[in-house]
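Comments concern the structure below.
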Amino acid sequence: MTGYTATVTVRLKHGVLDPEAETTKQALERLGFELEALRSADRFEVDLEADSADDARERAQEMAERLLANPTIHDYDVEVEER
């Protein structure tokens with residue numbers, strides 16, 4: 001078994017209201033920053049042991065699908081690195 005860190009980034013799908021991002025965007029614009037759009041995201045780093053990077057990715061995707069993300073309103077990405 002090898003140690004891996006899986007990074008799961010969860011964000012709202014396009015078209016789903018994101019009040020946190022909208023409030024932050026407005027504050028950045030008041031500070032003089034010009035931006036077209038802003039989206040918020042949650043990032044989870046999971047350290048785990050697996051036989052391969054593919055196995056670690058599959059386990060992290062299952063975690064995202066079962067708990068970390070709501071597939072109705074969220075998209076997610078999984079990246080895996082060996083520790």
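Each chain in the structure tokens gets a letter, A, B and so on, in the order shown; residues start at 1 in every chain, and ligands are counted from 1 in the order they appear.
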
Can you pull out the residues contacting Asp51 (chain A)? Cut-off 8 Å, using only C-alpha atoms, and skip same-chain residues under 2 positions away; I want them as a PDB file with all heavy atoms, in the first residue's frame.
ATOM      1  N   MET A   1       0.849  -1.185   0.000  1.00  0.00           N
ATOM      2  CA  MET A   1       0.000   0.000   0.000  1.00  0.00           C
ATOM      3  C   MET A   1       0.891   1.244   0.000  1.00  0.00           C
ATOM      4  O   MET A   1       1.941   1.274   0.610  1.00  0.00           O
ATOM      5  CB  MET A   1      -0.886   0.022   1.227  1.00  0.00           C
ATOM      6  CG  MET A   1      -1.922  -1.057   1.249  1.00  0.00           C
ATOM      7  SD  MET A   1      -3.390  -0.519   0.423  1.00  0.00           S
ATOM      8  CE  MET A   1      -4.598  -1.184   1.489  1.00  0.00           C
ATOM      9  N   THR A   2       0.405   2.245  -0.661  1.00  0.00           N
ATOM     10  CA  THR A   2       1.118   3.513  -0.793  1.00  0.00           C
ATOM     11  C   THR A   2       0.241   4.622  -0.242  1.00  0.00           C
ATOM     12  O   THR A   2      -0.983   4.557  -0.329  1.00  0.00           O
ATOM     13  CB  THR A   2       1.440   3.788  -2.279  1.00  0.00           C
ATOM     14  OG1 THR A   2       2.168   2.680  -2.811  1.00  0.00           O
ATOM     15  CG2 THR A   2       2.251   5.050  -2.452  1.00  0.00           C
ATOM     16  N   GLU A  49      -4.393   5.360   2.302  1.00  0.00           N
ATOM     17  CA  GLU A  49      -3.522   4.310   1.776  1.00  0.00           C
ATOM     18  C   GLU A  49      -4.305   3.571   0.694  1.00  0.00           C
ATOM     19  O   GLU A  49      -5.487   3.259   0.881  1.00  0.00           O
ATOM     20  CB  GLU A  49      -3.122   3.333   2.880  1.00  0.00           C
ATOM     21  CG  GLU A  49      -2.305   3.946   4.008  1.00  0.00           C
ATOM     22  CD  GLU A  49      -0.867   4.209   3.611  1.00  0.00           C
ATOM     23  OE1 GLU A  49      -0.308   3.402   2.831  1.00  0.00           O
ATOM     24  OE2 GLU A  49      -0.306   5.223   4.058  1.00  0.00           O
ATOM     25  N   ALA A  53      -2.827   4.916  -7.509  1.00  0.00           N
ATOM     26  CA  ALA A  53      -3.446   6.237  -7.589  1.00  0.00           C
ATOM     27  C   ALA A  53      -4.882   6.113  -8.099  1.00  0.00           C
ATOM     28  O   ALA A  53      -5.772   6.842  -7.650  1.00  0.00           O
ATOM     29  CB  ALA A  53      -2.627   7.148  -8.500  1.00  0.00           C
ATOM     30  N   ASP A  55      -6.940   3.604  -7.549  1.00  0.00           N
ATOM     31  CA  ASP A  55      -7.761   3.149  -6.420  1.00  0.00           C
ATOM     32  C   ASP A  55      -8.043   4.299  -5.459  1.00  0.00           C
ATOM     33  O   ASP A  55      -9.162   4.446  -4.956  1.00  0.00           O
ATOM     34  CB  ASP A  55      -7.071   2.006  -5.664  1.00  0.00           C
ATOM     35  CG  ASP A  55      -7.061   0.708  -6.440  1.00  0.00           C
ATOM     36  OD1 ASP A  55      -7.869   0.551  -7.369  1.00  0.00           O
ATOM     37  OD2 ASP A  55      -6.226  -0.166  -6.101  1.00  0.00           O
ATOM     38  N   ALA A  56      -7.031   5.128  -5.193  1.00  0.00           N
ATOM     39  CA  ALA A  56      -7.219   6.278  -4.302  1.00  0.00           C
ATOM     40  C   ALA A  56      -8.241   7.245  -4.902  1.00  0.00           C
ATOM     41  O   ALA A  56      -9.108   7.761  -4.198  1.00  0.00           O
ATOM     42  CB  ALA A  56      -5.882   6.981  -4.070  1.00  0.00           C
TER      43      ALA A  56
END

Report as a ChimeraX atom specification: the residues of chain A with a DSSP assignment of strand (DSSP E), based on the backbone of this structure.
/A:2-12,41-50,74-82

Keeping only N, CA, C and O atoms, write those residues as a CSV table (one decimal), in the first residue's frame.
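Saved file selection28.csv follows:
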chain,number,residue,atom,x,y,z
A,2,THR,N,0.4,2.2,-0.7
A,2,THR,CA,1.1,3.5,-0.8
A,2,THR,C,0.2,4.6,-0.2
A,2,THR,O,-1.0,4.6,-0.3
A,3,GLY,N,0.9,5.6,0.3
A,3,GLY,CA,0.1,6.8,0.8
A,3,GLY,C,-0.2,7.8,-0.3
A,3,GLY,O,0.7,8.1,-1.1
A,4,TYR,N,-1.4,8.3,-0.3
A,4,TYR,CA,-1.8,9.3,-1.3
A,4,TYR,C,-2.6,10.4,-0.5
A,4,TYR,O,-3.2,10.2,0.5
A,5,THR,N,-2.6,11.6,-1.2
A,5,THR,CA,-3.4,12.7,-0.7
A,5,THR,C,-4.4,12.9,-1.9
A,5,THR,O,-3.9,13.3,-3.0
A,6,ALA,N,-5.7,12.8,-1.6
A,6,ALA,CA,-6.7,13.1,-2.6
A,6,ALA,C,-7.3,14.5,-2.2
A,6,ALA,O,-7.7,14.7,-1.1
A,7,THR,N,-7.3,15.4,-3.2
A,7,THR,CA,-7.9,16.7,-3.0
A,7,THR,C,-9.2,16.7,-3.8
A,7,THR,O,-9.2,16.5,-5.0
A,8,VAL,N,-10.3,16.9,-3.0
A,8,VAL,CA,-11.6,17.0,-3.6
A,8,VAL,C,-12.1,18.4,-3.5
A,8,VAL,O,-12.2,19.0,-2.4
A,9,THR,N,-12.4,19.0,-4.7
A,9,THR,CA,-12.9,20.4,-4.7
A,9,THR,C,-14.3,20.3,-5.1
A,9,THR,O,-14.7,19.8,-6.2
A,10,VAL,N,-15.2,20.9,-4.3
A,10,VAL,CA,-16.6,20.9,-4.5
A,10,VAL,C,-17.1,22.3,-4.7
A,10,VAL,O,-16.8,23.2,-3.9
A,11,ARG,N,-17.9,22.5,-5.8
A,11,ARG,CA,-18.4,23.8,-6.1
A,11,ARG,C,-19.8,23.7,-6.6
A,11,ARG,O,-20.2,22.6,-7.1
A,12,LEU,N,-20.6,24.8,-6.4
A,12,LEU,CA,-21.9,24.8,-6.9
A,12,LEU,C,-21.9,24.7,-8.5
A,12,LEU,O,-21.1,25.3,-9.1
A,41,ALA,N,-15.9,27.7,-3.4
A,41,ALA,CA,-15.7,26.2,-3.5
A,41,ALA,C,-15.2,25.7,-2.1
A,41,ALA,O,-14.6,26.5,-1.4
A,42,ASP,N,-15.5,24.5,-1.8
A,42,ASP,CA,-14.9,23.8,-0.6
A,42,ASP,C,-13.8,22.9,-1.1
A,42,ASP,O,-14.0,22.2,-2.1
A,43,ARG,N,-12.8,22.8,-0.4
A,43,ARG,CA,-11.7,21.9,-0.7
A,43,ARG,C,-11.4,20.9,0.4
A,43,ARG,O,-11.2,21.4,1.6
A,44,PHE,N,-11.4,19.7,0.2
A,44,PHE,CA,-11.1,18.6,1.2
A,44,PHE,C,-9.8,17.9,0.8
A,44,PHE,O,-9.7,17.5,-0.4
A,45,GLU,N,-8.9,17.7,1.7
A,45,GLU,CA,-7.7,17.0,1.5
A,45,GLU,C,-7.8,15.7,2.3
A,45,GLU,O,-7.9,15.8,3.6
A,46,VAL,N,-7.8,14.5,1.7
A,46,VAL,CA,-7.9,13.3,2.3
A,46,VAL,C,-6.6,12.5,2.2
A,46,VAL,O,-6.2,12.2,1.0
A,47,ASP,N,-6.0,12.1,3.3
A,47,ASP,CA,-4.8,11.2,3.2
A,47,ASP,C,-5.3,9.8,3.4
A,47,ASP,O,-6.1,9.5,4.3
A,48,LEU,N,-4.9,8.9,2.5
A,48,LEU,CA,-5.3,7.6,2.5
A,48,LEU,C,-4.3,6.6,2.0
A,48,LEU,O,-3.4,7.1,1.3
A,49,GLU,N,-4.4,5.4,2.3
A,49,GLU,CA,-3.5,4.3,1.8
A,49,GLU,C,-4.3,3.6,0.7
A,49,GLU,O,-5.5,3.3,0.9
A,50,ALA,N,-3.7,3.3,-0.4
A,50,ALA,CA,-4.3,2.6,-1.5
A,50,ALA,C,-3.3,1.8,-2.3
A,50,ALA,O,-2.1,2.1,-2.3
A,74,HIS,N,-24.1,20.3,-6.9
A,74,HIS,CA,-22.6,20.4,-6.9
A,74,HIS,C,-21.9,19.7,-8.0
A,74,HIS,O,-22.4,18.6,-8.4
A,75,ASP,N,-20.8,20.2,-8.5
A,75,ASP,CA,-19.8,19.5,-9.3
A,75,ASP,C,-18.6,19.3,-8.4
A,75,ASP,O,-18.4,20.1,-7.4
A,76,TYR,N,-17.8,18.4,-8.7
A,76,TYR,CA,-16.6,18.2,-7.9
A,76,TYR,C,-15.5,17.7,-8.8
A,76,TYR,O,-15.7,17.1,-9.9
A,77,ASP,N,-14.2,17.9,-8.4
A,77,ASP,CA,-13.0,17.4,-9.1
A,77,ASP,C,-12.2,16.7,-8.0
A,77,ASP,O,-12.2,17.1,-6.9
A,78,VAL,N,-11.5,15.7,-8.5
A,78,VAL,CA,-10.6,14.9,-7.6
A,78,VAL,C,-9.2,14.9,-8.2
A,78,VAL,O,-9.1,14.5,-9.4
A,79,GLU,N,-8.2,15.3,-7.4
A,79,GLU,CA,-6.8,15.2,-7.8
A,79,GLU,C,-6.1,14.3,-6.8
A,79,GLU,O,-6.4,14.4,-5.6
A,80,VAL,N,-5.2,13.4,-7.2
A,80,VAL,CA,-4.5,12.5,-6.3
A,80,VAL,C,-3.0,12.7,-6.5
A,80,VAL,O,-2.5,12.7,-7.7
A,81,GLU,N,-2.3,12.8,-5.4
A,81,GLU,CA,-0.9,12.8,-5.4
A,81,GLU,C,-0.3,11.8,-4.4
A,81,GLU,O,-0.9,11.6,-3.4
A,82,GLU,N,0.8,11.2,-4.8
A,82,GLU,CA,1.4,10.3,-3.9
A,82,GLU,C,2.1,11.1,-2.8
A,82,GLU,O,2.7,12.1,-3.1

To one decimal in Å, tell me the separation between CA of Glu20 (chain A) and CA of Ser40 (chain A).
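The value is 6.9 Å.
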
Can you pull out every residue within 12 Å of Gln26 (chain A), counting only C-alpha atoms, but drop anything in the same chain fewer than 6 positions away, and send it as a PyMOL selection string?
chain A and resi 19-20+32-38

Could those selected residues go to a file with C-alpha atoms, as a short mmCIF file (atom, residue, chain, number, x, y, z; two decimals), in the first residue's frame?
data_model
loop_
_atom_site.label_atom_id
_atom_site.label_comp_id
_atom_site.auth_asym_id
_atom_site.auth_seq_id
_atom_site.Cartn_x
_atom_site.Cartn_y
_atom_site.Cartn_z
CA PRO A 19 -24.74 33.95 -2.09
CA GLU A 20 -21.28 33.66 -0.50
CA GLY A 32 -11.79 48.54 -6.94
CA PHE A 33 -11.24 45.06 -8.39
CA GLU A 34 -12.86 44.36 -11.73
CA LEU A 35 -14.09 40.82 -12.22
CA GLU A 36 -16.61 39.13 -14.43
CA ALA A 37 -17.69 36.37 -12.05
CA LEU A 38 -16.72 34.65 -8.81
#
